[in-house]
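J.: Hey, dropping final34.tsv in here, TSV, C-alpha atoms:
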```
chain	number	residue	atom	x	y	z
A	1490	MET	CA	0.00	0.00	0.00
A	1491	LEU	CA	1.06	3.58	-0.67
A	1492	LYS	CA	2.46	5.77	2.08
A	1493	THR	CA	0.94	9.22	2.15
A	1494	ARG	CA	1.49	12.63	3.71
A	1495	ILE	CA	-2.25	13.23	4.13
A	1496	GLN	CA	-2.24	13.12	7.93
A	1497	GLU	CA	0.75	15.49	8.09
A	1498	LEU	CA	-0.85	17.90	5.60
A	1499	ARG	CA	-4.15	17.76	7.46
A	1500	LYS	CA	-2.47	18.68	10.72
A	1501	GLN	CA	-0.55	21.51	9.04
A	1502	ASN	CA	-3.83	22.89	7.68
A	1503	LYS	CA	-5.72	22.18	10.95
A	1504	LEU	CA	-8.19	20.05	9.05
A	1505	SER	CA	-10.24	17.15	10.39
A	1506	GLN	CA	-10.68	13.89	8.47
A	1507	GLU	CA	-14.38	14.71	8.16
A	1508	GLU	CA	-13.68	18.11	6.57
A	1509	LEU	CA	-11.19	16.68	4.09
A	1510	ALA	CA	-13.55	13.81	3.26
A	1511	LEU	CA	-16.40	16.21	2.56
A	1512	ALA	CA	-14.16	18.40	0.40
A	1513	VAL	CA	-13.02	15.54	-1.82
A	1514	GLY	CA	-16.34	13.68	-1.85
A	1515	VAL	CA	-15.61	10.50	0.10
A	1516	THR	CA	-16.50	9.18	3.55
A	1517	ARG	CA	-14.37	9.81	6.64
A	1518	GLN	CA	-13.64	6.06	6.82
A	1519	THR	CA	-12.01	6.22	3.38
A	1520	ILE	CA	-9.64	8.98	4.50
A	1521	THR	CA	-8.83	6.97	7.66
A	1522	SER	CA	-8.07	3.88	5.57
A	1523	ILE	CA	-5.82	5.83	3.18
A	1524	GLU	CA	-3.93	7.40	6.09
A	1525	CYS	CA	-3.46	3.98	7.73
A	1526	GLY	CA	-2.21	2.55	4.45
A	1527	LYS	CA	-5.03	0.00	4.30
A	1528	TYR	CA	-6.54	1.41	1.13
A	1529	THR	CA	-4.93	2.89	-1.98
A	1530	ALA	CA	-6.80	5.89	-3.35
A	1531	SER	CA	-7.89	5.86	-6.98
A	1532	LEU	CA	-6.15	8.20	-9.42
A	1533	VAL	CA	-9.15	10.55	-9.36
A	1534	LEU	CA	-9.24	10.70	-5.56
A	1535	ALA	CA	-5.45	11.13	-5.34
A	1536	TYR	CA	-5.74	14.03	-7.80
A	1537	LYS	CA	-8.59	15.62	-5.80
A	1538	ILE	CA	-6.66	15.34	-2.51
A	1539	ALA	CA	-3.46	16.73	-4.03
A	1540	LYS	CA	-5.37	19.57	-5.68
A	1541	TYR	CA	-7.11	20.37	-2.41
A	1542	PHE	CA	-3.73	20.90	-0.70
A	1543	GLY	CA	-2.37	22.73	-3.75
A	1544	LEU	CA	0.29	20.06	-4.36
A	1545	THR	CA	1.08	17.45	-6.99
A	1546	ILE	CA	0.13	13.79	-6.51
A	1547	GLU	CA	3.81	12.85	-6.03
A	1548	GLU	CA	4.10	15.38	-3.23
A	1549	VAL	CA	1.20	13.80	-1.32
A	1550	PHE	CA	1.71	10.11	-2.13
A	1551	ASP	CA	5.01	8.28	-1.75
A	1552	PHE	CA	5.68	6.19	-4.86
A	1553	SER	CA	9.20	5.08	-3.87
A	1554	ASP	CA	8.08	1.50	-3.16
A	1555	VAL	CA	6.39	1.31	-6.57
A	1556	GLU	CA	9.45	2.70	-8.35
A	1557	ASP	CA	11.63	-0.02	-6.77
A	1558	LEU	CA	9.69	-2.76	-8.55
B	691	MET	CA	-26.34	16.86	-8.10
B	692	GLU	CA	-29.56	17.49	-10.08
B	693	LYS	CA	-29.16	14.09	-11.75
B	694	PHE	CA	-28.84	12.42	-8.34
B	695	LYS	CA	-31.92	14.31	-7.15
B	696	SER	CA	-33.99	12.98	-10.05
B	697	THR	CA	-32.63	9.46	-9.39
B	698	LEU	CA	-33.81	9.78	-5.77
B	699	LYS	CA	-37.25	10.96	-6.92
B	700	ASN	CA	-37.54	7.91	-9.20
B	701	ARG	CA	-36.42	5.59	-6.41
B	702	LEU	CA	-38.93	7.18	-4.04
B	703	ALA	CA	-41.79	6.60	-6.49
B	704	LEU	CA	-40.68	2.98	-6.97
B	705	ILE	CA	-40.41	2.34	-3.22
B	706	ILE	CA	-43.84	3.85	-2.52
B	707	THR	CA	-45.38	1.60	-5.20
B	708	PHE	CA	-43.56	-1.46	-3.84
B	709	ASN	CA	-44.63	-0.45	-0.32
B	710	GLY	CA	-48.27	-0.62	-1.41
B	711	LEU	CA	-47.67	-4.08	-2.86
B	712	THR	CA	-46.09	-5.22	0.41
B	713	VAL	CA	-49.17	-4.11	2.36
B	714	ILE	CA	-51.28	-6.21	-0.03
B	715	PHE	CA	-48.94	-9.20	0.53
B	716	ILE	CA	-49.22	-8.82	4.33
B	717	LEU	CA	-53.01	-8.85	4.04
B	718	LEU	CA	-52.95	-11.83	1.65
B	719	THR	CA	-50.67	-13.88	3.92
B	720	ALA	CA	-52.99	-13.06	6.85
B	721	ILE	CA	-56.10	-14.05	4.85
B	722	TYR	CA	-54.60	-17.23	3.37
B	723	SER	CA	-52.62	-18.20	6.48
B	724	ASN	CA	-54.67	-21.41	6.68
B	725	MET	CA	-53.24	-22.42	3.29
B	726	THR	CA	-49.69	-22.99	4.59
B	727	ALA	CA	-48.20	-26.41	3.87
B	728	ALA	CA	-49.62	-29.24	5.98
B	729	GLY	CA	-47.41	-31.00	8.51
B	730	SER	CA	-46.01	-30.22	11.92
B	731	GLU	CA	-48.13	-27.67	13.83
B	732	ALA	CA	-45.07	-25.89	15.24
B	733	LEU	CA	-43.62	-25.53	11.74
B	734	THR	CA	-46.93	-24.22	10.40
B	735	ASP	CA	-46.83	-21.45	13.01
B	736	MET	CA	-43.21	-20.70	12.13
B	737	ILE	CA	-44.04	-20.49	8.41
B	738	ARG	CA	-46.91	-18.06	9.09
B	739	GLY	CA	-44.62	-15.98	11.29
B	740	PHE	CA	-41.89	-15.96	8.67
B	741	GLN	CA	-44.24	-15.00	5.84
B	742	THR	CA	-45.77	-12.11	7.77
B	743	GLY	CA	-42.46	-11.12	9.38
B	744	ILE	CA	-40.53	-10.86	6.12
B	745	PHE	CA	-43.12	-8.49	4.64
B	746	ILE	CA	-43.30	-6.39	7.81
B	747	GLY	CA	-39.48	-6.24	7.79
B	748	LEU	CA	-39.56	-5.09	4.17
B	749	GLN	CA	-42.18	-2.52	5.10
B	750	PHE	CA	-39.93	-1.07	7.83
B	751	ALA	CA	-36.90	-1.05	5.53
B	752	MET	CA	-38.86	0.78	2.85
B	753	LEU	CA	-40.31	3.31	5.30
B	754	THR	CA	-36.77	4.05	6.53
B	755	LEU	CA	-35.65	4.60	2.93
B	756	ILE	CA	-38.66	6.83	2.20
B	757	VAL	CA	-37.83	9.05	5.22
B	758	LYS	CA	-34.11	9.09	4.27
B	759	TYR	CA	-34.75	10.06	0.63
B	760	ALA	CA	-37.46	12.61	1.48
B	761	LYS	CA	-35.08	14.32	3.95
B	762	ALA	CA	-32.31	14.37	1.34
B	763	LEU	CA	-34.60	15.91	-1.26
B	764	LYS	CA	-35.53	18.74	1.13
B	765	ASN	CA	-32.04	19.51	2.47
B	766	ASP	CA	-28.98	20.00	0.21
B	767	GLU	CA	-26.48	19.12	2.95
B	768	VAL	CA	-28.20	15.80	3.66
B	769	LEU	CA	-28.36	15.22	-0.10
B	770	LYS	CA	-24.60	15.73	-0.46
B	771	ASN	CA	-23.92	13.38	2.47
B	772	LEU	CA	-26.15	10.72	0.93
B	773	TYR	CA	-24.41	11.20	-2.43
B	774	ILE	CA	-21.01	10.75	-0.79
B	775	GLN	CA	-22.22	7.66	1.09
B	776	GLU	CA	-23.48	6.09	-2.14
B	777	LYS	CA	-20.56	7.04	-4.40
B	778	ASP	CA	-17.72	6.44	-1.96
B	779	GLU	CA	-15.01	4.50	-3.82
B	780	ARG	CA	-13.94	2.37	-0.83
B	781	LYS	CA	-17.53	1.26	-0.25
B	782	LYS	CA	-17.84	0.45	-3.94
B	783	LEU	CA	-14.65	-1.64	-3.78
B	784	ILE	CA	-15.98	-3.59	-0.80
B	785	GLN	CA	-19.30	-4.09	-2.59
B	786	ASP	CA	-17.44	-5.36	-5.67
B	787	LYS	CA	-15.25	-7.71	-3.61
B	788	ILE	CA	-18.33	-9.23	-1.96
B	789	GLY	CA	-20.20	-9.42	-5.24
B	790	GLY	CA	-22.90	-7.33	-3.57
B	791	VAL	CA	-25.34	-6.96	-6.46
B	792	GLY	CA	-25.34	-10.68	-7.22
B	793	PHE	CA	-25.55	-11.55	-3.53
B	794	ASN	CA	-28.54	-9.22	-2.96
B	795	PHE	CA	-30.34	-10.63	-5.98
B	796	THR	CA	-29.75	-14.22	-4.83
B	797	ILE	CA	-30.84	-13.44	-1.25
B	798	GLY	CA	-33.99	-11.74	-2.57
B	799	THR	CA	-34.79	-14.70	-4.80
B	800	ALA	CA	-34.13	-17.18	-1.99
B	801	ALA	CA	-36.42	-15.17	0.33
B	802	ALA	CA	-39.21	-15.14	-2.27
B	803	ALA	CA	-38.75	-18.88	-2.85
B	804	THR	CA	-38.85	-19.52	0.92
B	805	VAL	CA	-42.13	-17.59	1.28
B	806	THR	CA	-43.64	-19.51	-1.66
B	807	ALA	CA	-42.37	-22.87	-0.35
B	808	GLY	CA	-44.20	-22.11	2.91
B	809	PHE	CA	-47.48	-22.63	1.04
B	810	LEU	CA	-46.35	-25.87	-0.62
B	811	ASN	CA	-44.00	-28.04	1.42
B	812	GLN	CA	-42.60	-27.75	4.94
B	813	LEU	CA	-39.38	-29.64	4.18
B	814	VAL	CA	-38.59	-27.41	1.20
B	815	PHE	CA	-39.41	-24.36	3.34
B	816	VAL	CA	-36.99	-25.38	6.10
B	817	THR	CA	-34.25	-26.19	3.54
B	818	LEU	CA	-34.64	-22.85	1.78
B	819	LEU	CA	-34.75	-21.02	5.10
B	820	GLY	CA	-31.44	-22.69	6.04
B	821	VAL	CA	-29.93	-21.61	2.71
B	822	LEU	CA	-31.22	-18.07	3.20
B	823	VAL	CA	-29.82	-17.76	6.72
B	824	PHE	CA	-26.47	-19.19	5.54
B	825	MET	CA	-26.28	-16.68	2.67
B	826	VAL	CA	-27.09	-13.74	4.95
B	827	PHE	CA	-24.36	-14.84	7.37
B	828	VAL	CA	-21.81	-15.28	4.57
B	829	LYS	CA	-22.57	-11.80	3.24
B	830	ALA	CA	-22.35	-10.25	6.71
B	831	PHE	CA	-19.05	-12.04	7.38
B	832	LEU	CA	-17.54	-10.97	4.05
B	833	LYS	CA	-18.66	-7.38	4.58
B	834	LEU	CA	-17.10	-7.26	8.03
B	835	TYR	CA	-13.89	-8.89	6.73
B	836	TYR	CA	-13.42	-6.45	3.85
B	837	LYS	CA	-14.43	-3.42	5.95
B	838	ASN	CA	-11.64	-4.39	8.31
B	839	LYS	CA	-9.20	-5.13	5.47
B	840	PHE	CA	-9.66	-1.84	3.61
```
Can you dump the structure from the file as structure tokens?
T.:
Amino acid sequence: MLKTRIQELRKQNKLSQEELALAVGVTRQTITSIECGKYTASLVLAYKIAKYFGLTIEEVFDFSDVEDL
Amino acid sequence: MEKFKSTLKNRLALIITFNGLTVIFILLTAIYSNMTAAGSEALTDMIRGFQTGIFIGLQFAMLTLIVKYAKALKNDEVLKNLYIQEKDERKKLIQDKIGGVGFNFTIGTAAAATVTAGFLNQLVFVTLLGVLVFMVFVKAFLKLYYKNKF
């Protein structure tokens, strides 16, 4: 599963999981699962999250494990 | 969101129609309760209870949905929350992993067959009821498993 900086970015922006979830159109449980690394966000959701924080997908999601393959 | 609103309106109309049919089925099962399959007296009572109970359960489920959809149609915030709940990609993944649509269809068919068997043969009724309970448990187990996994 992908590592992400979502939790860190949320804390920087003083944002709750619920607020982020509502902004990107998913449930709070989905954000929790992505942060825990249990669930990998789709490309569309990854794009929405990155756009919400004003960053690129690579800056939010860590693809180093994928690149090693 | 307008498209979702019109989908909800269509669903509401469908549920209200189906709700009326369920009331008719409850009345019919009450009227023809003496027509249940002959055999053990205890089983006959159970069959009557199951036939009435399943329709009353459906009735409650549909009333809950009617209230939920009517609230969503009146309030935009509730509508957005309902939209998110329905379109959430993790939920969709879990539903796909379980084979939710197929499972629901099979459970519905098995329930209808169980109700019908109650009028014909007690042994077939008990067998189908066992199958139905097993399927519901399997679905619940799979849902819990995948909710925990993802």
J.: Just checking: using only C-alpha atoms, which residue out of B:Val826, B:Arg780, B:Asn765, B:Thr712 ends up closest to Ile1520 in chain A?
T.: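 Smallest distance to Ile1520 in chain A is found for B:Arg780.
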J.: Report, in Å with one decimal, the straight-line distance from CA of Ile1495 in chain A to CA of Lys837 in chain B.
T.: 20.7 Å
J.: Hey, what's within 12 Å of Asp766 in chain B if we count only C-alpha atoms and toss same-chain stuff fewer than 4 positions away? As an MDAnalysis selection string, please?
T.: chainID B and resid 691:692 694:695 759:762 770:773
J.: I want to know what sits within 9 Å of Glu1524 in chain A, based on all atoms listed in the file, with residues of the same chain fewer than 5 positions away left out; could you give that as number ranges by chain?
T.: A: 1492-1496, 1519
J.: Got a sec to pull out which chain A residues are within 9 Å of chain B, counting only C-alpha atoms, and send them as a list of chain:residue names?
T.: A:Leu1511, A:Gly1514, A:Val1515, A:Thr1516, A:Gln1518, A:Thr1519, A:Ser1522, A:Ile1523, A:Gly1526, A:Lys1527, A:Tyr1528, A:Thr1529, A:Ala1530, A:Ser1531, A:Leu1534
J.: So which residues touch Ala1512 in chain A within 8 Å, counting all atoms listed in the file, skipping near sequence neighbours fewer than 3 positions away, as a ChimeraX atom specification?
T.: /A:1508-1509,1541
J.: Could you dump the residues just selected with C-alpha atoms as a CSV table (one decimal), in the frame of the given file?
T.:
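To be explicit, this is the file written out as result02.csv:
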```csv
chain,number,residue,atom,x,y,z
A,1508,GLU,CA,-13.7,18.1,6.6
A,1509,LEU,CA,-11.2,16.7,4.1
A,1541,TYR,CA,-7.1,20.4,-2.4
```
J.: So what do you get for CA of Lys829 in chain B versus CA of Phe793 in chain B, distance-wise?
T.: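 About the pair CA of Lys829 in chain B and CA of Phe793 in chain B: they are 7.4 Å apart.
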J.: Could you check how far CA of Met725 in chain B sits from CA of Thr817 in chain B, in Å to one decimal?
T.: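 Straight-line distance from CA of Met725 in chain B to CA of Thr817 in chain B works out to 19.4 Å.
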J.: Within 8 Å of (-48.1, -9.1, 4.4), in the coordinates the file gives, what residues turn up when you count only C-alpha atoms, written out as a ChimeraX atom specification?
T.: /B:712-720,741-746
J.: Taking the point (-10.4, -12.3, 1.6) as given in the file, collect each protein or nucleic acid residue that comes within 10 Å of it, counting all atoms listed in the file, and present the set as a PyMOL selection string.
T.: chain B and resi 787-788+832+835-836+839
